[in-house]
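*Asks:* Right, I'll just put the structure down here and ask away after.
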Amino acid sequence: MIKNIAVIRGDGIGPEIIEQALAVLDKICNLYNHTFHYTDVDMGGCAIDKWNNPLPEEMLKKCLTSDSVLLGAVGGEKWNTLPGEMRPEKGLLKLRAGMGVYSNNRPAKIWPQLSSASPLKQSIVEQGIDFIIVRELIGGIYFGKHETETVDGKLCATDVLNYTEEEIERIGRIGFETAQKRNKKLCSVEKSNVLDSSRLWKKVMHQLCEEYPDVELTDMLVDNCAMQIVKNPAQFDVIVTENMFGDILSDEASMITGSIGMIPSSSLGATSCGLYEPIHGSAPDIAGKDIANPIGTILSAAMMLRYSFDMPKEADCIEKAVSAFLDLGYRTADIMPSDPQEAQKCTKVGCRECGRRIIENMKL
Ligand code: IPM
Ligand code: MG
C-alpha cells in the first residue's frame with residue numbers, strides 16, 4: 001500500500017523521537033512491502049521562527065491532504081513569553097481543530113516489564129492498569145473565548161468553557177463504542193456539582209446510554225477521579241471526559257504506568273485521516289542529548305497503522321518489538337529502575353539505540 005504521511009518534527013526532543021519512529025516505519029515498509037511518503041510540516045516554535053506563525057495555512061493544508069499526521073512535540077522556553085495567538089501550542093490547537101479530530105484516545109496500560117517503574121504500591125499495580133481515556137479534543141475551554149482586559153484599573157482574564165449537545169454526543173458515542181470493544185464499562189467524568197457544561201455532559205451521556213444497553217455507564221466527578229486513578233486504577237475500563245479534564249487526567253494516568261514517555265495517542269474525527277502523537281511534551285531540558293524515550297512516538301506510529309491505515313499485523317509487529325526490547329532489559333533513562341539491584345539487570349540506552357534495538361526485534 002502507498003500512504004502519504006505528514007510529519008511534524010516540532011521542537012525540543014521532537015526531531016529526535018520522530019527520527020526513530022520514521023526508521024521504524026521504514027522497516028515496516030521493508031517487511032510488508034508498503035511505501036510511505038513523508039512530507040515535512042513546520043508547526044510550533046520552529047514555524048514561528050521560520051514563518052512567524054505557529055501553523056501557516058499551507059502547512060495545515062499539507063496535513064489535510066495527507067493520509068495521516070505523525071507529530072513529535074512542540075513548545076519550549078524560548079516562545080513562552082509570546083502572546084497566546086503566537087505560541088507554539090496554538091499551532092497544535094489549530095491543527096487539531098483544522099483536522100476536526102474531536103476524539104483523542106490515550107491508553108494507560110502498564111507494561112508488565114515496567115511494573116516496578118510505577119510510583120504506585122505493587123499491591124495496587126498487581127491489580128492491573130489497563131484503561132483508555134477518551135478525551136474531547138476540539139471544544140471546551142481550550143476553544144472558548146480567551147480575553148484579558150482591564151476592569152476598574154485591574155487586569156481581569158476570562159476563559160470560556162462551553163459545549164453544545166452535539167459536541168458532547170459525538171464524543172460520547174466514541175466512549176460507548178470504545179467500551180463496547182473492551183470490557184463494556186464507561187466512566188463519564190465531569191464536575192456536575194459546579195458546572196453547567198458538566199450537567200449537560202452528564203445528561204447527554206445518560207441519554208446515549210439507552211442506545212448502548214450492553215455498556216455499564218457510571219458518573220464520576222473529576223476531583224474524585226483524580227483520586228481514584230491512584231487509589232484503584234483497576235476499576236477503570238474507558239473514561240470519557242471533556243478537553244481540559246482529559247488533559248490533566250491523562251498525565252496522571254500515564255505516570256502510574258511508569259513513564260509518560262511510553263504513552264502514544266490517536267486523534268480522529270469524521271475521516272480516517274488521524275493525528276498521532278506521544279502525550280508528552282517537547283522536554284527542552286533534554287533535547288539534543290540523545291536520551292529521550294522515543295517509544296511513545298513509535299507506538300503512536302503503530303496506532304496510525306492500526307486505526308488509519310487498517311494495518312493491524314503491522315501495528316502488532318511494532319508493539320511486539322517494543323515488548324521484546326523491554327524483555328531484553330533495555331531501558332531509556334526515564335524507565336530505568338530506581339532500585340540499584342534492579343538497575344543492574346538492565347541496559348541503559350539512548351534515543352537512537354532504543355530505536356535501533358526495537359527495529360532489530362521487528363519480524364514478520
Ligand atoms: C497535550 C498537551 C497539549 C494539550 C498542550 C501542548 C497544548 O498538554 O497534548 O496533552 O493541553 O492538549
Ligand atoms: Mg497534556
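Scheme for the C-alpha cells: letters A, B, ... for chains in order shown; per-chain residue numbers from 1; ligand numbers from 1 in order shown.
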Show me which residues are within 12 Å of ligand 2 counting only C-alpha atoms and all ligand atoms, and format the list as a ChimeraX atom specification.
*Replies:* /A:73-74,89,92-93,104,106,135,137,142,243-254,260,263,265,277-282
*Asks:* Need the shell around Tyr212 in chain A: protein/DNA/RNA residues with any atom at most 10 Å away, counting only C-alpha atoms. Skip same-chain ones fewer than 2 positions apart. Format as a list in words?
*Replies:*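 That gives Arg173, Phe176, Glu177, Ala179, Gln180, Lys184, Gln207, Leu208, Cys209, Glu210, Asp214, Val215, Glu216 and Leu217 of chain A.
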*Asks:* Fewer than 4 positions away in the same chain doesn't count, so skip those; otherwise give me all residues within 8 Å of range 292-309 of chain A, counting only C-alpha atoms, as a ChimeraX atom specification.
*Replies:* /A:13,16-18,20-21,24-25,67-68,70-72,260-266,272-279,286-287,314-316,318-319,322,332-334,350-351,354-355
*Asks:* What residues in range 4-197 of chain A get the DSSP label helix (DSSP H, G or I)? Please answer as a count of residues only.
*Replies:* 83
*Asks:* Which is closer to Asn4 in chain A than all the others in A:Lys62, A:Lys50, A:Lys27, A:Arg331, using only C-alpha atoms?
*Replies:* A:Lys62
*Asks:* Env of Glu77 in chain A: 10 Å cut, atoms = only C-alpha atoms, seq-sep filter 3 positions within chain, self excluded. Answer as a ChimeraX atom specification.
*Replies:* /A:12,45,80-81,283-285
*Asks:* Set the distance at 10 Å and use only C-alpha atoms: which residues neighbour range 34-44 of chain A once local chain neighbours fewer than 4 positions away are removed? I'd like the list as a PDB file with N, CA, C and O atoms, in the first residue's frame.
*Replies:*
ATOM      1  N   MET A   1       0.838  -1.199   0.000  1.00  0.00           N
ATOM      2  CA  MET A   1       0.000   0.000   0.000  1.00  0.00           C
ATOM      3  C   MET A   1       0.873   1.250   0.000  1.00  0.00           C
ATOM      4  O   MET A   1       1.948   1.248   0.584  1.00  0.00           O
ATOM      5  N   ILE A   2       0.393   2.284  -0.646  1.00  0.00           N
ATOM      6  CA  ILE A   2       1.128   3.557  -0.632  1.00  0.00           C
ATOM      7  C   ILE A   2       0.384   4.532   0.278  1.00  0.00           C
ATOM      8  O   ILE A   2      -0.828   4.691   0.160  1.00  0.00           O
ATOM      9  N   LYS A   3       1.098   5.151   1.193  1.00  0.00           N
ATOM     10  CA  LYS A   3       0.461   6.117   2.098  1.00  0.00           C
ATOM     11  C   LYS A   3       1.303   7.381   2.180  1.00  0.00           C
ATOM     12  O   LYS A   3       2.541   7.326   2.165  1.00  0.00           O
ATOM     13  N   ASN A   4       0.617   8.504   2.294  1.00  0.00           N
ATOM     14  CA  ASN A   4       1.306   9.790   2.463  1.00  0.00           C
ATOM     15  C   ASN A   4       1.161  10.243   3.908  1.00  0.00           C
ATOM     16  O   ASN A   4       0.053  10.411   4.400  1.00  0.00           O
ATOM     17  N   ILE A   5       2.293  10.431   4.548  1.00  0.00           N
ATOM     18  CA  ILE A   5       2.277  10.805   5.968  1.00  0.00           C
ATOM     19  C   ILE A   5       2.874  12.199   6.120  1.00  0.00           C
ATOM     20  O   ILE A   5       4.002  12.451   5.676  1.00  0.00           O
ATOM     21  N   ALA A   6       2.116  13.098   6.722  1.00  0.00           N
ATOM     22  CA  ALA A   6       2.656  14.419   7.052  1.00  0.00           C
ATOM     23  C   ALA A   6       3.414  14.275   8.369  1.00  0.00           C
ATOM     24  O   ALA A   6       2.909  13.680   9.318  1.00  0.00           O
ATOM     25  N   VAL A   7       4.637  14.783   8.404  1.00  0.00           N
ATOM     26  CA  VAL A   7       5.496  14.585   9.568  1.00  0.00           C
ATOM     27  C   VAL A   7       5.838  15.932  10.200  1.00  0.00           C
ATOM     28  O   VAL A   7       6.401  16.803   9.554  1.00  0.00           O
ATOM     29  N   ILE A   8       5.458  16.074  11.466  1.00  0.00           N
ATOM     30  CA  ILE A   8       5.775  17.309  12.189  1.00  0.00           C
ATOM     31  C   ILE A   8       6.815  16.969  13.243  1.00  0.00           C
ATOM     32  O   ILE A   8       6.510  16.302  14.234  1.00  0.00           O
ATOM     33  N   ARG A   9       8.037  17.387  13.001  1.00  0.00           N
ATOM     34  CA  ARG A   9       9.103  17.080  13.971  1.00  0.00           C
ATOM     35  C   ARG A   9       8.985  17.973  15.193  1.00  0.00           C
ATOM     36  O   ARG A   9       9.181  17.527  16.308  1.00  0.00           O
ATOM     37  N   GLY A  10       8.676  19.237  14.972  1.00  0.00           N
ATOM     38  CA  GLY A  10       8.415  20.156  16.075  1.00  0.00           C
ATOM     39  C   GLY A  10       9.663  20.622  16.793  1.00  0.00           C
ATOM     40  O   GLY A  10      10.726  20.789  16.181  1.00  0.00           O
ATOM     41  N   ASP A  11       9.546  20.795  18.105  1.00  0.00           N
ATOM     42  CA  ASP A  11      10.603  21.443  18.893  1.00  0.00           C
ATOM     43  C   ASP A  11      11.173  20.477  19.933  1.00  0.00           C
ATOM     44  O   ASP A  11      10.630  19.399  20.155  1.00  0.00           O
ATOM     45  N   LEU A  22      10.244   7.191  12.337  1.00  0.00           N
ATOM     46  CA  LEU A  22      10.298   7.039  10.876  1.00  0.00           C
ATOM     47  C   LEU A  22      11.159   5.831  10.490  1.00  0.00           C
ATOM     48  O   LEU A  22      10.841   5.106   9.539  1.00  0.00           O
ATOM     49  N   LEU A  25       8.959   2.937  10.832  1.00  0.00           N
ATOM     50  CA  LEU A  25       8.006   2.851   9.713  1.00  0.00           C
ATOM     51  C   LEU A  25       8.706   2.369   8.436  1.00  0.00           C
ATOM     52  O   LEU A  25       8.130   1.604   7.649  1.00  0.00           O
ATOM     53  N   ASP A  26       9.954   2.800   8.243  1.00  0.00           N
ATOM     54  CA  ASP A  26      10.709   2.323   7.070  1.00  0.00           C
ATOM     55  C   ASP A  26      10.890   0.809   7.129  1.00  0.00           C
ATOM     56  O   ASP A  26      10.803   0.115   6.121  1.00  0.00           O
ATOM     57  N   LYS A  27      11.145   0.331   8.332  1.00  0.00           N
ATOM     58  CA  LYS A  27      11.310  -1.117   8.498  1.00  0.00           C
ATOM     59  C   LYS A  27       9.993  -1.852   8.166  1.00  0.00           C
ATOM     60  O   LYS A  27      10.001  -2.927   7.558  1.00  0.00           O
ATOM     61  N   ILE A  28       8.875  -1.256   8.566  1.00  0.00           N
ATOM     62  CA  ILE A  28       7.565  -1.830   8.213  1.00  0.00           C
ATOM     63  C   ILE A  28       7.422  -1.911   6.691  1.00  0.00           C
ATOM     64  O   ILE A  28       6.964  -2.920   6.135  1.00  0.00           O
ATOM     65  N   CYS A  29       7.852  -0.856   6.001  1.00  0.00           N
ATOM     66  CA  CYS A  29       7.773  -0.849   4.528  1.00  0.00           C
ATOM     67  C   CYS A  29       8.566  -2.015   3.952  1.00  0.00           C
ATOM     68  O   CYS A  29       8.106  -2.716   3.055  1.00  0.00           O
ATOM     69  N   ASN A  30       9.785  -2.229   4.504  1.00  0.00           N
ATOM     70  CA  ASN A  30      10.623  -3.346   4.039  1.00  0.00           C
ATOM     71  C   ASN A  30       9.954  -4.686   4.269  1.00  0.00           C
ATOM     72  O   ASN A  30       9.899  -5.531   3.390  1.00  0.00           O
ATOM     73  N   ILE A  48       7.256  29.310  14.090  1.00  0.00           N
ATOM     74  CA  ILE A  48       7.251  30.732  14.500  1.00  0.00           C
ATOM     75  C   ILE A  48       8.568  31.373  14.058  1.00  0.00           C
ATOM     76  O   ILE A  48       8.588  32.455  13.477  1.00  0.00           O
ATOM     77  N   ASP A  49       9.677  30.644  14.306  1.00  0.00           N
ATOM     78  CA  ASP A  49      10.985  31.177  13.907  1.00  0.00           C
ATOM     79  C   ASP A  49      11.075  31.371  12.399  1.00  0.00           C
ATOM     80  O   ASP A  49      11.621  32.351  11.912  1.00  0.00           O
ATOM     81  N   LYS A  50      10.538  30.424  11.667  1.00  0.00           N
ATOM     82  CA  LYS A  50      10.705  30.438  10.209  1.00  0.00           C
ATOM     83  C   LYS A  50       9.642  31.286   9.503  1.00  0.00           C
ATOM     84  O   LYS A  50       9.938  31.997   8.550  1.00  0.00           O
ATOM     85  N   TRP A  51       8.414  31.194   9.959  1.00  0.00           N
ATOM     86  CA  TRP A  51       7.289  31.818   9.244  1.00  0.00           C
ATOM     87  C   TRP A  51       6.540  32.855  10.068  1.00  0.00           C
ATOM     88  O   TRP A  51       5.535  33.397   9.619  1.00  0.00           O
ATOM     89  N   ASN A  53       4.567  32.289  12.393  1.00  0.00           N
ATOM     90  CA  ASN A  53       3.210  31.778  12.539  1.00  0.00           C
ATOM     91  C   ASN A  53       3.328  30.323  13.012  1.00  0.00           C
ATOM     92  O   ASN A  53       4.038  29.531  12.383  1.00  0.00           O
ATOM     93  N   PRO A  54       2.677  29.943  14.128  1.00  0.00           N
ATOM     94  CA  PRO A  54       2.866  28.575  14.633  1.00  0.00           C
ATOM     95  C   PRO A  54       2.299  27.488  13.709  1.00  0.00           C
ATOM     96  O   PRO A  54       2.717  26.338  13.798  1.00  0.00           O
ATOM     97  N   LEU A  55       1.355  27.861  12.839  1.00  0.00           N
ATOM     98  CA  LEU A  55       0.869  26.890  11.843  1.00  0.00           C
ATOM     99  C   LEU A  55       0.370  27.638  10.606  1.00  0.00           C
ATOM    100  O   LEU A  55      -0.823  27.934  10.486  1.00  0.00           O
ATOM    101  N   PRO A  56       1.276  27.932   9.679  1.00  0.00           N
ATOM    102  CA  PRO A  56       0.841  28.623   8.463  1.00  0.00           C
ATOM    103  C   PRO A  56      -0.197  27.791   7.698  1.00  0.00           C
ATOM    104  O   PRO A  56      -0.166  26.553   7.752  1.00  0.00           O
ATOM    105  N   GLU A  58      -0.574  26.947   4.639  1.00  0.00           N
ATOM    106  CA  GLU A  58      -0.085  25.907   3.695  1.00  0.00           C
ATOM    107  C   GLU A  58       0.307  24.643   4.446  1.00  0.00           C
ATOM    108  O   GLU A  58       0.221  23.525   3.915  1.00  0.00           O
ATOM    109  N   MET A  59       0.783  24.839   5.682  1.00  0.00           N
ATOM    110  CA  MET A  59       1.221  23.676   6.471  1.00  0.00           C
ATOM    111  C   MET A  59       0.000  22.846   6.889  1.00  0.00           C
ATOM    112  O   MET A  59       0.024  21.619   6.824  1.00  0.00           O
ATOM    113  N   LEU A  60      -1.053  23.546   7.284  1.00  0.00           N
ATOM    114  CA  LEU A  60      -2.287  22.838   7.639  1.00  0.00           C
ATOM    115  C   LEU A  60      -2.810  22.081   6.425  1.00  0.00           C
ATOM    116  O   LEU A  60      -3.237  20.921   6.524  1.00  0.00           O
ATOM    117  N   LYS A  61      -2.717  22.726   5.256  1.00  0.00           N
ATOM    118  CA  LYS A  61      -3.203  22.095   4.030  1.00  0.00           C
ATOM    119  C   LYS A  61      -2.439  20.790   3.752  1.00  0.00           C
ATOM    120  O   LYS A  61      -3.022  19.781   3.359  1.00  0.00           O
ATOM    121  N   LYS A  62      -1.128  20.829   3.991  1.00  0.00           N
ATOM    122  CA  LYS A  62      -0.328  19.607   3.782  1.00  0.00           C
ATOM    123  C   LYS A  62      -0.847  18.470   4.662  1.00  0.00           C
ATOM    124  O   LYS A  62      -0.867  17.311   4.266  1.00  0.00           O
ATOM    125  N   CYS A  63      -1.254  18.830   5.878  1.00  0.00           N
ATOM    126  CA  CYS A  63      -1.775  17.806   6.793  1.00  0.00           C
ATOM    127  C   CYS A  63      -3.123  17.289   6.300  1.00  0.00           C
ATOM    128  O   CYS A  63      -3.377  16.084   6.319  1.00  0.00           O
ATOM    129  N   SER A  66      -2.933  14.788   3.543  1.00  0.00           N
ATOM    130  CA  SER A  66      -2.169  13.555   3.782  1.00  0.00           C
ATOM    131  C   SER A  66      -3.126  12.443   4.198  1.00  0.00           C
ATOM    132  O   SER A  66      -4.308  12.678   4.435  1.00  0.00           O
ATOM    133  N   ASP A  67      -2.584  11.220   4.312  1.00  0.00           N
ATOM    134  CA  ASP A  67      -3.410  10.118   4.817  1.00  0.00           C
ATOM    135  C   ASP A  67      -3.429  10.105   6.342  1.00  0.00           C
ATOM    136  O   ASP A  67      -4.316   9.515   6.945  1.00  0.00           O
ATOM    137  N   VAL A  69      -1.208  12.187  10.041  1.00  0.00           N
ATOM    138  CA  VAL A  69      -0.153  13.092  10.501  1.00  0.00           C
ATOM    139  C   VAL A  69       0.554  12.471  11.707  1.00  0.00           C
ATOM    140  O   VAL A  69      -0.102  12.007  12.645  1.00  0.00           O
ATOM    141  N   LEU A  70       1.877  12.466  11.665  1.00  0.00           N
ATOM    142  CA  LEU A  70       2.676  11.998  12.803  1.00  0.00           C
ATOM    143  C   LEU A  70       3.384  13.210  13.401  1.00  0.00           C
ATOM    144  O   LEU A  70       4.074  13.940  12.694  1.00  0.00           O
ATOM    145  N   LEU A  71       3.193  13.390  14.700  1.00  0.00           N
ATOM    146  CA  LEU A  71       3.720  14.598  15.347  1.00  0.00           C
ATOM    147  C   LEU A  71       4.629  14.238  16.516  1.00  0.00           C
ATOM    148  O   LEU A  71       4.318  13.340  17.303  1.00  0.00           O
ATOM    149  N   ALA A  73       6.621  16.770  19.113  1.00  0.00           N
ATOM    150  CA  ALA A  73       6.152  17.612  20.231  1.00  0.00           C
ATOM    151  C   ALA A  73       6.488  19.064  19.893  1.00  0.00           C
ATOM    152  O   ALA A  73       7.413  19.323  19.128  1.00  0.00           O
ATOM    153  N   VAL A  74       5.726  19.972  20.457  1.00  0.00           N
ATOM    154  CA  VAL A  74       6.017  21.395  20.199  1.00  0.00           C
ATOM    155  C   VAL A  74       6.113  22.176  21.499  1.00  0.00           C
ATOM    156  O   VAL A  74       5.603  21.770  22.536  1.00  0.00           O
ATOM    157  N   GLY A  75       6.795  23.320  21.414  1.00  0.00           N
ATOM    158  CA  GLY A  75       6.858  24.250  22.543  1.00  0.00           C
ATOM    159  C   GLY A  75       8.237  24.320  23.167  1.00  0.00           C
ATOM    160  O   GLY A  75       9.105  23.485  22.892  1.00  0.00           O
ATOM    161  N   GLY A  76       8.440  25.334  23.996  1.00  0.00           N
ATOM    162  CA  GLY A  76       9.724  25.495  24.661  1.00  0.00           C
ATOM    163  C   GLY A  76       9.833  26.886  25.279  1.00  0.00           C
ATOM    164  O   GLY A  76       9.083  27.798  24.922  1.00  0.00           O
ATOM    165  N   TRP A  79       9.711  30.418  23.449  1.00  0.00           N
ATOM    166  CA  TRP A  79       8.491  31.041  22.912  1.00  0.00           C
ATOM    167  C   TRP A  79       7.448  31.297  23.996  1.00  0.00           C
ATOM    168  O   TRP A  79       6.325  31.682  23.702  1.00  0.00           O
ATOM    169  N   MET A  86       0.303  33.514  19.297  1.00  0.00           N
ATOM    170  CA  MET A  86       1.590  33.262  18.645  1.00  0.00           C
ATOM    171  C   MET A  86       2.366  32.135  19.306  1.00  0.00           C
ATOM    172  O   MET A  86       3.520  31.888  18.987  1.00  0.00           O
ATOM    173  N   ARG A  87       1.764  31.469  20.262  1.00  0.00           N
ATOM    174  CA  ARG A  87       2.506  30.425  20.971  1.00  0.00           C
ATOM    175  C   ARG A  87       2.532  29.129  20.162  1.00  0.00           C
ATOM    176  O   ARG A  87       1.606  28.851  19.390  1.00  0.00           O
ATOM    177  N   PRO A  88       3.573  28.318  20.342  1.00  0.00           N
ATOM    178  CA  PRO A  88       3.652  27.041  19.629  1.00  0.00           C
ATOM    179  C   PRO A  88       2.406  26.181  19.838  1.00  0.00           C
ATOM    180  O   PRO A  88       1.901  25.545  18.918  1.00  0.00           O
ATOM    181  N   GLU A  89       1.888  26.187  21.082  1.00  0.00           N
ATOM    182  CA  GLU A  89       0.714  25.364  21.410  1.00  0.00           C
ATOM    183  C   GLU A  89      -0.493  25.752  20.568  1.00  0.00           C
ATOM    184  O   GLU A  89      -1.360  24.936  20.280  1.00  0.00           O
ATOM    185  N   LYS A  90      -0.553  27.032  20.182  1.00  0.00           N
ATOM    186  CA  LYS A  90      -1.679  27.488  19.364  1.00  0.00           C
ATOM    187  C   LYS A  90      -1.662  26.762  18.014  1.00  0.00           C
ATOM    188  O   LYS A  90      -2.712  26.442  17.450  1.00  0.00           O
ATOM    189  N   GLY A  91      -0.442  26.504  17.519  1.00  0.00           N
ATOM    190  CA  GLY A  91      -0.326  25.751  16.270  1.00  0.00           C
ATOM    191  C   GLY A  91      -0.952  24.370  16.414  1.00  0.00           C
ATOM    192  O   GLY A  91      -1.693  23.907  15.543  1.00  0.00           O
ATOM    193  N   LEU A  92      -0.679  23.738  17.549  1.00  0.00           N
ATOM    194  CA  LEU A  92      -1.224  22.398  17.797  1.00  0.00           C
ATOM    195  C   LEU A  92      -2.752  22.449  17.880  1.00  0.00           C
ATOM    196  O   LEU A  92      -3.451  21.607  17.305  1.00  0.00           O
ATOM    197  N   LEU A  95      -4.179  22.929  14.511  1.00  0.00           N
ATOM    198  CA  LEU A  95      -4.074  21.691  13.738  1.00  0.00           C
ATOM    199  C   LEU A  95      -5.194  20.723  14.114  1.00  0.00           C
ATOM    200  O   LEU A  95      -5.884  20.160  13.260  1.00  0.00           O
TER     201      LEU A  95
END
*Asks:* Skipping near chain neighbours, those fewer than 3 positions away, what residues fall within 8 Å of Ile129 in chain A using only C-alpha atoms, listed as a list in words?
*Replies:*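 Near neighbours after the sequence-gap exclusion: Ala108, Lys109, Ile110, Val125, Pro233, Ala234 and Thr257 of chain A.
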*Asks:* For a quick check of understanding, using only C-alpha atoms, which of A:Ile138, A:Leu82, A:Cys225, A:Leu364 has the smallest distance to Gly100 in chain A?
*Replies:*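 For Gly100 in chain A, the nearest of the candidates is A:Ile138.
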*Asks:* Among range 116-192 of chain A, which ones does DSSP place in strand (DSSP E), written as a list in words?
*Replies:*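 Of range 116-192 of chain A, only Asp130, Phe131, Ile132, Ile133, Val134, Arg135, Glu136, His146, Glu147, Thr148, Glu149, Thr150, Val151, Lys154, Leu155, Cys156, Ala157, Thr158, Asp159, Lys185, Leu186, Cys187, Ser188, Val189 and Glu190 of chain A fall in strand (DSSP E).
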*Asks:* With N, CA and C atoms retained, could you export that selection as an mmCIF file, in the first residue's frame?
*Replies:*
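out.cif, written as the output of this step:
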data_model
loop_
_atom_site.group_PDB
_atom_site.id
_atom_site.type_symbol
_atom_site.label_atom_id
_atom_site.label_comp_id
_atom_site.auth_asym_id
_atom_site.auth_seq_id
_atom_site.Cartn_x
_atom_site.Cartn_y
_atom_site.Cartn_z
ATOM 1 N N ASP A 130 -5.091 -0.930 33.023
ATOM 2 C CA ASP A 130 -5.340 -1.035 31.584
ATOM 3 C C ASP A 130 -6.654 -0.322 31.269
ATOM 4 N N PHE A 131 -6.528 0.969 31.046
ATOM 5 C CA PHE A 131 -7.737 1.719 30.674
ATOM 6 C C PHE A 131 -7.409 2.740 29.593
ATOM 7 N N ILE A 132 -8.466 3.317 29.052
ATOM 8 C CA ILE A 132 -8.293 4.305 27.985
ATOM 9 C C ILE A 132 -9.019 5.577 28.373
ATOM 10 N N ILE A 133 -8.358 6.683 28.172
ATOM 11 C CA ILE A 133 -9.055 7.955 28.360
ATOM 12 C C ILE A 133 -9.459 8.469 26.983
ATOM 13 N N VAL A 134 -10.757 8.637 26.798
ATOM 14 C CA VAL A 134 -11.264 9.240 25.563
ATOM 15 C C VAL A 134 -11.520 10.709 25.891
ATOM 16 N N ARG A 135 -10.687 11.545 25.329
ATOM 17 C CA ARG A 135 -10.706 12.979 25.647
ATOM 18 C C ARG A 135 -11.305 13.774 24.493
ATOM 19 N N GLU A 136 -12.286 14.617 24.787
ATOM 20 C CA GLU A 136 -12.813 15.524 23.760
ATOM 21 C C GLU A 136 -11.691 16.505 23.432
ATOM 22 N N HIS A 146 -11.006 33.647 24.855
ATOM 23 C CA HIS A 146 -9.934 33.959 25.815
ATOM 24 C C HIS A 146 -9.710 35.463 25.770
ATOM 25 N N GLU A 147 -9.668 36.075 26.918
ATOM 26 C CA GLU A 147 -9.569 37.531 26.907
ATOM 27 C C GLU A 147 -8.939 38.036 28.199
ATOM 28 N N THR A 148 -8.068 39.034 28.057
ATOM 29 C CA THR A 148 -7.561 39.730 29.248
ATOM 30 C C THR A 148 -7.882 41.209 29.074
ATOM 31 N N GLU A 149 -8.617 41.771 29.981
ATOM 32 C CA GLU A 149 -8.988 43.188 29.860
ATOM 33 C C GLU A 149 -8.730 43.900 31.188
ATOM 34 N N THR A 150 -8.837 45.217 31.139
ATOM 35 C CA THR A 150 -8.669 45.973 32.375
ATOM 36 C C THR A 150 -10.048 46.405 32.868
ATOM 37 N N VAL A 151 -10.372 45.991 34.072
ATOM 38 C CA VAL A 151 -11.663 46.361 34.666
ATOM 39 C C VAL A 151 -11.365 47.126 35.958
ATOM 40 N N LYS A 154 -7.880 47.172 37.097
ATOM 41 C CA LYS A 154 -7.222 45.889 37.425
ATOM 42 C C LYS A 154 -7.347 44.938 36.231
ATOM 43 N N LEU A 155 -6.321 44.131 36.028
ATOM 44 C CA LEU A 155 -6.396 43.154 34.935
ATOM 45 C C LEU A 155 -7.390 42.056 35.285
ATOM 46 N N CYS A 156 -8.127 41.629 34.291
ATOM 47 C CA CYS A 156 -9.127 40.583 34.501
ATOM 48 C C CYS A 156 -9.068 39.633 33.301
ATOM 49 N N ALA A 157 -8.860 38.356 33.563
ATOM 50 C CA ALA A 157 -8.731 37.383 32.471
ATOM 51 C C ALA A 157 -9.922 36.436 32.457
ATOM 52 N N THR A 158 -10.379 36.102 31.269
ATOM 53 C CA THR A 158 -11.557 35.241 31.115
ATOM 54 C C THR A 158 -11.275 34.130 30.121
ATOM 55 N N ASP A 159 -11.677 32.919 30.451
ATOM 56 C CA ASP A 159 -11.633 31.797 29.511
ATOM 57 C C ASP A 159 -12.994 31.125 29.562
ATOM 58 N N LYS A 185 -17.288 -1.104 30.157
ATOM 59 C CA LYS A 185 -17.509 -0.217 31.295
ATOM 60 C C LYS A 185 -17.072 1.190 30.922
ATOM 61 N N LEU A 186 -18.009 2.125 31.001
ATOM 62 C CA LEU A 186 -17.679 3.504 30.637
ATOM 63 C C LEU A 186 -17.898 4.406 31.843
ATOM 64 N N CYS A 187 -16.880 5.199 32.162
ATOM 65 C CA CYS A 187 -16.998 6.140 33.265
ATOM 66 C C CYS A 187 -16.969 7.555 32.678
ATOM 67 N N SER A 188 -18.051 8.276 32.857
ATOM 68 C CA SER A 188 -18.123 9.649 32.351
ATOM 69 C C SER A 188 -17.675 10.592 33.463
ATOM 70 N N VAL A 189 -16.668 11.399 33.161
ATOM 71 C CA VAL A 189 -16.058 12.236 34.196
ATOM 72 C C VAL A 189 -16.385 13.706 33.950
ATOM 73 N N GLU A 190 -16.888 14.376 34.987
ATOM 74 C CA GLU A 190 -17.273 15.791 34.850
ATOM 75 C C GLU A 190 -17.243 16.479 36.214
#
*Asks:* Hey, which of A:Leu221, A:Ile358, A:Ile171, A:Ile291 ends up closest to Val101 in chain A? Count only C-alpha atoms.
*Replies:* A:Ile171
*Asks:* What's the separation between CA of Gly172 in chain A and CA of Val204 in chain A, in Å to one decimal place?
*Replies:*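 Interatomic distance, CA of Gly172 in chain A to CA of Val204 in chain A: 7.9 Å.
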*Asks:* Report, in Å with one decimal, the straight-line distance from CA of Leu268 in chain A to CA of Ser103 in chain A.
*Replies:*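 Distance between the two atoms: 5.3 Å.
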*Asks:* For ligand 1, which residue among A:Asn105, A:Asn183, A:Asn33, A:Gln344 is the nearest when counting only C-alpha atoms and all ligand atoms?
*Replies:*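 Of all the options, A:Asn105 lies closest to ligand 1.
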*Asks:* Using Å and a single decimal, report how far CA of Met205 in chain A sits from CA of Glu169 in chain A.
*Replies:*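 Separation of CA of Glu169 in chain A and CA of Met205 in chain A: 7.3 Å.
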*Asks:* With only C-alpha atoms and all ligand atoms as the basis for distance, which of A:Gly139, A:Pro119, A:Gly329, A:Pro340 is at the shortest distance from ligand 1?
*Replies:* A:Gly139
*Asks:* Find the residue from A:Lys363, A:Lys121, A:Pro112, A:Lys202 that sits nearest to Lys313 in chain A; use only C-alpha atoms when measuring.
*Replies:*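 Looking at the shortest contact to Lys313 in chain A, the residue is A:Lys363.
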